[in-house]
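**Q** For reference, the structure I am asking about is given below.
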Amino acid sequence: MATSQAIDSSDDGVMYPDSIDPDSINPDSINLSPINPSPIDPSPIDPSPIDWASSDLDTNPSSTNATGPSNLDSVNLDWVQALAALPTLADRVAFLRDRLPPSVCLVAVTKTFGVDRIREAYACGLRDFGENRVQEAEAKQAALADLPDIRWHLIGQLQSNKAKKAIEQFDWIHSVDRLDLAQRLDRLAAEASRRPQVCLQVKLQDDPTKAGWPVDDFLTALPELDRLEHLNICGLMAIPPLALSPVELVDFFGRAGNLADRVQAQSWERLSMEVRSLGMSNDWPIALAAGATMIRLGRTLFGDRAIG
């Protein structure tokens, strides 16, 4: 049954000002009690990569409901709590493998988690890992150099002075939120002979805790973005405000999908909006129903993280 109770959509990839403590938010959501999975089981399991972690993922929005559900009837919110209740990381990965379409890529967000957790996730078949901070990722990448098929995703806000390292270290950058940053990344990518996958982060409604292009500015910048030759601009990222109700989240992700469809329908020389990086630990089923092709899950996979 649909409800208007709020869901805490906070998760990795969100930058909070010092005045906001996301852990203090208690939206009392529908059957979505705070996620606190049991400790991860380090026992060996099949290390084969999972198909939906493919770098050549099929992100054609026609393969999913890109315009989003009109209501909650098509959304199984029980999946959030069912996933969190599973005792091991291997169980959670299997749960997601059974429910995510092949066109959807799971990005395991490892902000503040150590390399041992990443190695265990890798052993479960995960290959896509998301980090918020360039410097933290650099140390982990050095320690995991023996796992060359990991794909690294930068999902946190990127400062211009970190752009060079971001180009060198990441296969995906989800958080490009202004034209000057995109142009700087393009120049640096040319110098480094790299061509990272890029999502453009859009802010669909006012929220002081989120970065992102205002929609009008985003649309105005598209012709200039289409001229960038050394970035593969392939999609959109959007993060909802904290504590939206399920009905409000349906609307939010539906608007994100519609915006991506609107851009994708135009003729561009280079850029596309096939990838929709939407959905985090407490709202991923809604994002999935709205056409997400990437979901970013951290604490629902690994448990509560240290504040950092």
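Numbering starts fresh at 1 for the residues of each chain in the structure tokens, the chains themselves are lettered A, B, ... in the order given, and ligands are numbered from 1 as they appear.
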For region 144-152 of chain A, list every protein, DNA or RNA residue within 7 Å, evaluated using only C-alpha atoms, and leave out those in the same chain fewer than 2 positions away; present the list as an mmCIF file with C-alpha atoms, in the first residue's frame.
**A**
```cif
data_model
loop_
_atom_site.group_PDB
_atom_site.id
_atom_site.type_symbol
_atom_site.label_atom_id
_atom_site.label_comp_id
_atom_site.auth_asym_id
_atom_site.auth_seq_id
_atom_site.Cartn_x
_atom_site.Cartn_y
_atom_site.Cartn_z
ATOM 1 C CA ARG A 127 33.841 -5.232 -10.005
ATOM 2 C CA ASP A 128 32.454 -1.685 -9.763
ATOM 3 C CA PHE A 129 33.450 0.305 -6.673
ATOM 4 C CA GLY A 130 32.531 3.877 -5.789
ATOM 5 C CA LYS A 140 42.985 1.836 -1.814
ATOM 6 C CA GLN A 141 43.819 1.570 -5.491
ATOM 7 C CA ALA A 142 47.512 1.175 -4.668
ATOM 8 C CA LEU A 154 34.087 8.740 -8.365
ATOM 9 C CA PHE A 170 38.891 6.738 -12.112
ATOM 10 C CA ASP A 171 37.148 4.928 -14.941
ATOM 11 C CA TRP A 172 33.858 6.695 -14.171
#
```
**Q** Applying 10 Å and only C-alpha atoms, which residues near Lys165 (chain A) remain after dropping the ones on its own chain fewer than 2 positions away? List them as a PDB file with all heavy atoms, in the first residue's frame.
**A**
```pdb
ATOM      1  N   VAL A 134      39.007  11.549  -3.714  1.00  0.00           N
ATOM      2  CA  VAL A 134      40.111  11.148  -4.574  1.00  0.00           C
ATOM      3  C   VAL A 134      41.268  10.606  -3.749  1.00  0.00           C
ATOM      4  O   VAL A 134      41.852   9.561  -4.071  1.00  0.00           O
ATOM      5  CB  VAL A 134      40.560  12.337  -5.444  1.00  0.00           C
ATOM      6  CG1 VAL A 134      41.833  11.993  -6.214  1.00  0.00           C
ATOM      7  CG2 VAL A 134      39.448  12.744  -6.407  1.00  0.00           C
ATOM      8  N   GLN A 135      41.621  11.286  -2.663  1.00  0.00           N
ATOM      9  CA  GLN A 135      42.779  10.878  -1.878  1.00  0.00           C
ATOM     10  C   GLN A 135      42.555   9.522  -1.214  1.00  0.00           C
ATOM     11  O   GLN A 135      43.459   8.674  -1.199  1.00  0.00           O
ATOM     12  CB  GLN A 135      43.085  11.937  -0.820  1.00  0.00           C
ATOM     13  CG  GLN A 135      44.370  11.672  -0.042  1.00  0.00           C
ATOM     14  CD  GLN A 135      44.741  12.840   0.864  1.00  0.00           C
ATOM     15  OE1 GLN A 135      44.071  13.869   0.896  1.00  0.00           O
ATOM     16  NE2 GLN A 135      45.824  12.672   1.608  1.00  0.00           N
ATOM     17  N   GLU A 138      42.892   6.801  -3.797  1.00  0.00           N
ATOM     18  CA  GLU A 138      44.263   6.589  -4.274  1.00  0.00           C
ATOM     19  C   GLU A 138      44.980   5.537  -3.435  1.00  0.00           C
ATOM     20  O   GLU A 138      45.653   4.640  -3.971  1.00  0.00           O
ATOM     21  CB  GLU A 138      45.022   7.909  -4.247  1.00  0.00           C
ATOM     22  CG  GLU A 138      46.422   7.835  -4.834  1.00  0.00           C
ATOM     23  CD  GLU A 138      47.097   9.190  -4.882  1.00  0.00           C
ATOM     24  OE1 GLU A 138      46.663  10.118  -4.147  1.00  0.00           O
ATOM     25  OE2 GLU A 138      48.065   9.331  -5.648  1.00  0.00           O
ATOM     26  N   ASN A 161      40.844  21.312  -8.198  1.00  0.00           N
ATOM     27  CA  ASN A 161      42.248  20.999  -7.926  1.00  0.00           C
ATOM     28  C   ASN A 161      42.510  19.502  -7.798  1.00  0.00           C
ATOM     29  O   ASN A 161      43.666  19.080  -7.701  1.00  0.00           O
ATOM     30  CB  ASN A 161      42.750  21.743  -6.686  1.00  0.00           C
ATOM     31  CG  ASN A 161      42.015  21.348  -5.418  1.00  0.00           C
ATOM     32  OD1 ASN A 161      41.081  20.550  -5.440  1.00  0.00           O
ATOM     33  ND2 ASN A 161      42.442  21.903  -4.301  1.00  0.00           N
ATOM     34  N   LYS A 162      41.455  18.698  -7.788  1.00  0.00           N
ATOM     35  CA  LYS A 162      41.594  17.239  -7.766  1.00  0.00           C
ATOM     36  C   LYS A 162      41.302  16.627  -9.134  1.00  0.00           C
ATOM     37  O   LYS A 162      41.300  15.399  -9.278  1.00  0.00           O
ATOM     38  CB  LYS A 162      40.639  16.633  -6.737  1.00  0.00           C
ATOM     39  CG  LYS A 162      40.847  17.118  -5.307  1.00  0.00           C
ATOM     40  CD  LYS A 162      42.140  16.630  -4.702  1.00  0.00           C
ATOM     41  CE  LYS A 162      42.255  17.005  -3.229  1.00  0.00           C
ATOM     42  NZ  LYS A 162      43.541  16.584  -2.641  1.00  0.00           N
ATOM     43  N   ALA A 163      41.047  17.466 -10.123  1.00  0.00           N
ATOM     44  CA  ALA A 163      40.597  16.956 -11.416  1.00  0.00           C
ATOM     45  C   ALA A 163      41.658  16.086 -12.092  1.00  0.00           C
ATOM     46  O   ALA A 163      41.336  15.059 -12.694  1.00  0.00           O
ATOM     47  CB  ALA A 163      40.205  18.121 -12.320  1.00  0.00           C
ATOM     48  N   ILE A 167      41.103  12.136 -13.197  1.00  0.00           N
ATOM     49  CA  ILE A 167      41.260  11.597 -14.551  1.00  0.00           C
ATOM     50  C   ILE A 167      42.195  10.394 -14.538  1.00  0.00           C
ATOM     51  O   ILE A 167      41.964   9.386 -15.225  1.00  0.00           O
ATOM     52  CB  ILE A 167      41.799  12.694 -15.500  1.00  0.00           C
ATOM     53  CG1 ILE A 167      40.705  13.705 -15.817  1.00  0.00           C
ATOM     54  CG2 ILE A 167      42.372  12.089 -16.777  1.00  0.00           C
ATOM     55  CD1 ILE A 167      39.571  13.168 -16.668  1.00  0.00           C
ATOM     56  N   GLU A 168      43.264  10.487 -13.766  1.00  0.00           N
ATOM     57  CA  GLU A 168      44.260   9.408 -13.734  1.00  0.00           C
ATOM     58  C   GLU A 168      43.743   8.165 -13.025  1.00  0.00           C
ATOM     59  O   GLU A 168      44.142   7.046 -13.375  1.00  0.00           O
ATOM     60  CB  GLU A 168      45.526   9.908 -13.043  1.00  0.00           C
ATOM     61  CG  GLU A 168      46.245  11.021 -13.801  1.00  0.00           C
ATOM     62  CD  GLU A 168      47.339  11.680 -12.972  1.00  0.00           C
ATOM     63  OE1 GLU A 168      47.409  11.392 -11.753  1.00  0.00           O
ATOM     64  OE2 GLU A 168      48.117  12.472 -13.537  1.00  0.00           O
ATOM     65  N   GLN A 169      42.883   8.335 -12.024  1.00  0.00           N
ATOM     66  CA  GLN A 169      42.534   7.230 -11.124  1.00  0.00           C
ATOM     67  C   GLN A 169      41.188   6.567 -11.394  1.00  0.00           C
ATOM     68  O   GLN A 169      40.996   5.409 -10.997  1.00  0.00           O
ATOM     69  CB  GLN A 169      42.513   7.746  -9.674  1.00  0.00           C
ATOM     70  CG  GLN A 169      43.864   8.156  -9.153  1.00  0.00           C
ATOM     71  CD  GLN A 169      43.763   8.790  -7.779  1.00  0.00           C
ATOM     72  OE1 GLN A 169      44.504   9.701  -7.439  1.00  0.00           O
ATOM     73  NE2 GLN A 169      42.823   8.323  -6.958  1.00  0.00           N
ATOM     74  N   PHE A 170      40.256   7.246 -12.042  1.00  0.00           N
ATOM     75  CA  PHE A 170      38.891   6.738 -12.112  1.00  0.00           C
ATOM     76  C   PHE A 170      38.476   6.411 -13.541  1.00  0.00           C
ATOM     77  O   PHE A 170      38.789   7.151 -14.480  1.00  0.00           O
ATOM     78  CB  PHE A 170      37.912   7.753 -11.506  1.00  0.00           C
ATOM     79  CG  PHE A 170      38.039   7.879 -10.020  1.00  0.00           C
ATOM     80  CD1 PHE A 170      38.865   8.842  -9.467  1.00  0.00           C
ATOM     81  CD2 PHE A 170      37.355   7.022  -9.165  1.00  0.00           C
ATOM     82  CE1 PHE A 170      39.001   8.966  -8.089  1.00  0.00           C
ATOM     83  CE2 PHE A 170      37.487   7.129  -7.799  1.00  0.00           C
ATOM     84  CZ  PHE A 170      38.310   8.101  -7.248  1.00  0.00           C
ATOM     85  N   LEU A 188      42.490  17.714 -19.400  1.00  0.00           N
ATOM     86  CA  LEU A 188      43.365  16.799 -18.681  1.00  0.00           C
ATOM     87  C   LEU A 188      43.302  15.390 -19.260  1.00  0.00           C
ATOM     88  O   LEU A 188      44.313  14.678 -19.311  1.00  0.00           O
ATOM     89  CB  LEU A 188      42.982  16.785 -17.201  1.00  0.00           C
ATOM     90  CG  LEU A 188      43.261  18.090 -16.445  1.00  0.00           C
ATOM     91  CD1 LEU A 188      42.555  18.077 -15.089  1.00  0.00           C
ATOM     92  CD2 LEU A 188      44.765  18.299 -16.261  1.00  0.00           C
TER      93      LEU A 188
END
```
**Q** Just to confirm, what's the straight-line distance from CA of Gly125 (chain A) to CA of Leu200 (chain A) in Å (one decimal)?
**A**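 Result for CA of Gly125 (chain A) versus CA of Leu200 (chain A): 27.5 Å, one decimal.
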**Q** I'd like to know which of A:Leu179, A:Ala139, A:Val75, A:Val109 is closest to Gly298 (chain A), using only C-alpha atoms.
**A** A:Val109
**Q** Under the rule that only C-alpha atoms are counted, which of A:Met273, A:Asp261, A:Ala123, A:Pro246 is the nearest residue to Gln197 (chain A)?
**A**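 Closest to Gln197 (chain A) of all the choices is A:Met273.
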**Q** Residues within 8 Å of Lys111 (chain A), please, as an NGL selection string. Count only C-alpha atoms; anything in the same chain fewer than 6 positions from it doesn't count.
**A** :A and (12 or 130-133 or 136 or 298)
**Q** Residues near Ala287 (chain A), anyone? I mean within 12 Å using only C-alpha atoms, not counting same-chain ones fewer than 2 positions away, as number ranges by chain.
**A** A: 9, 64-69, 72, 74-77, 100, 104, 237-240, 246-257, 276-285, 289-296
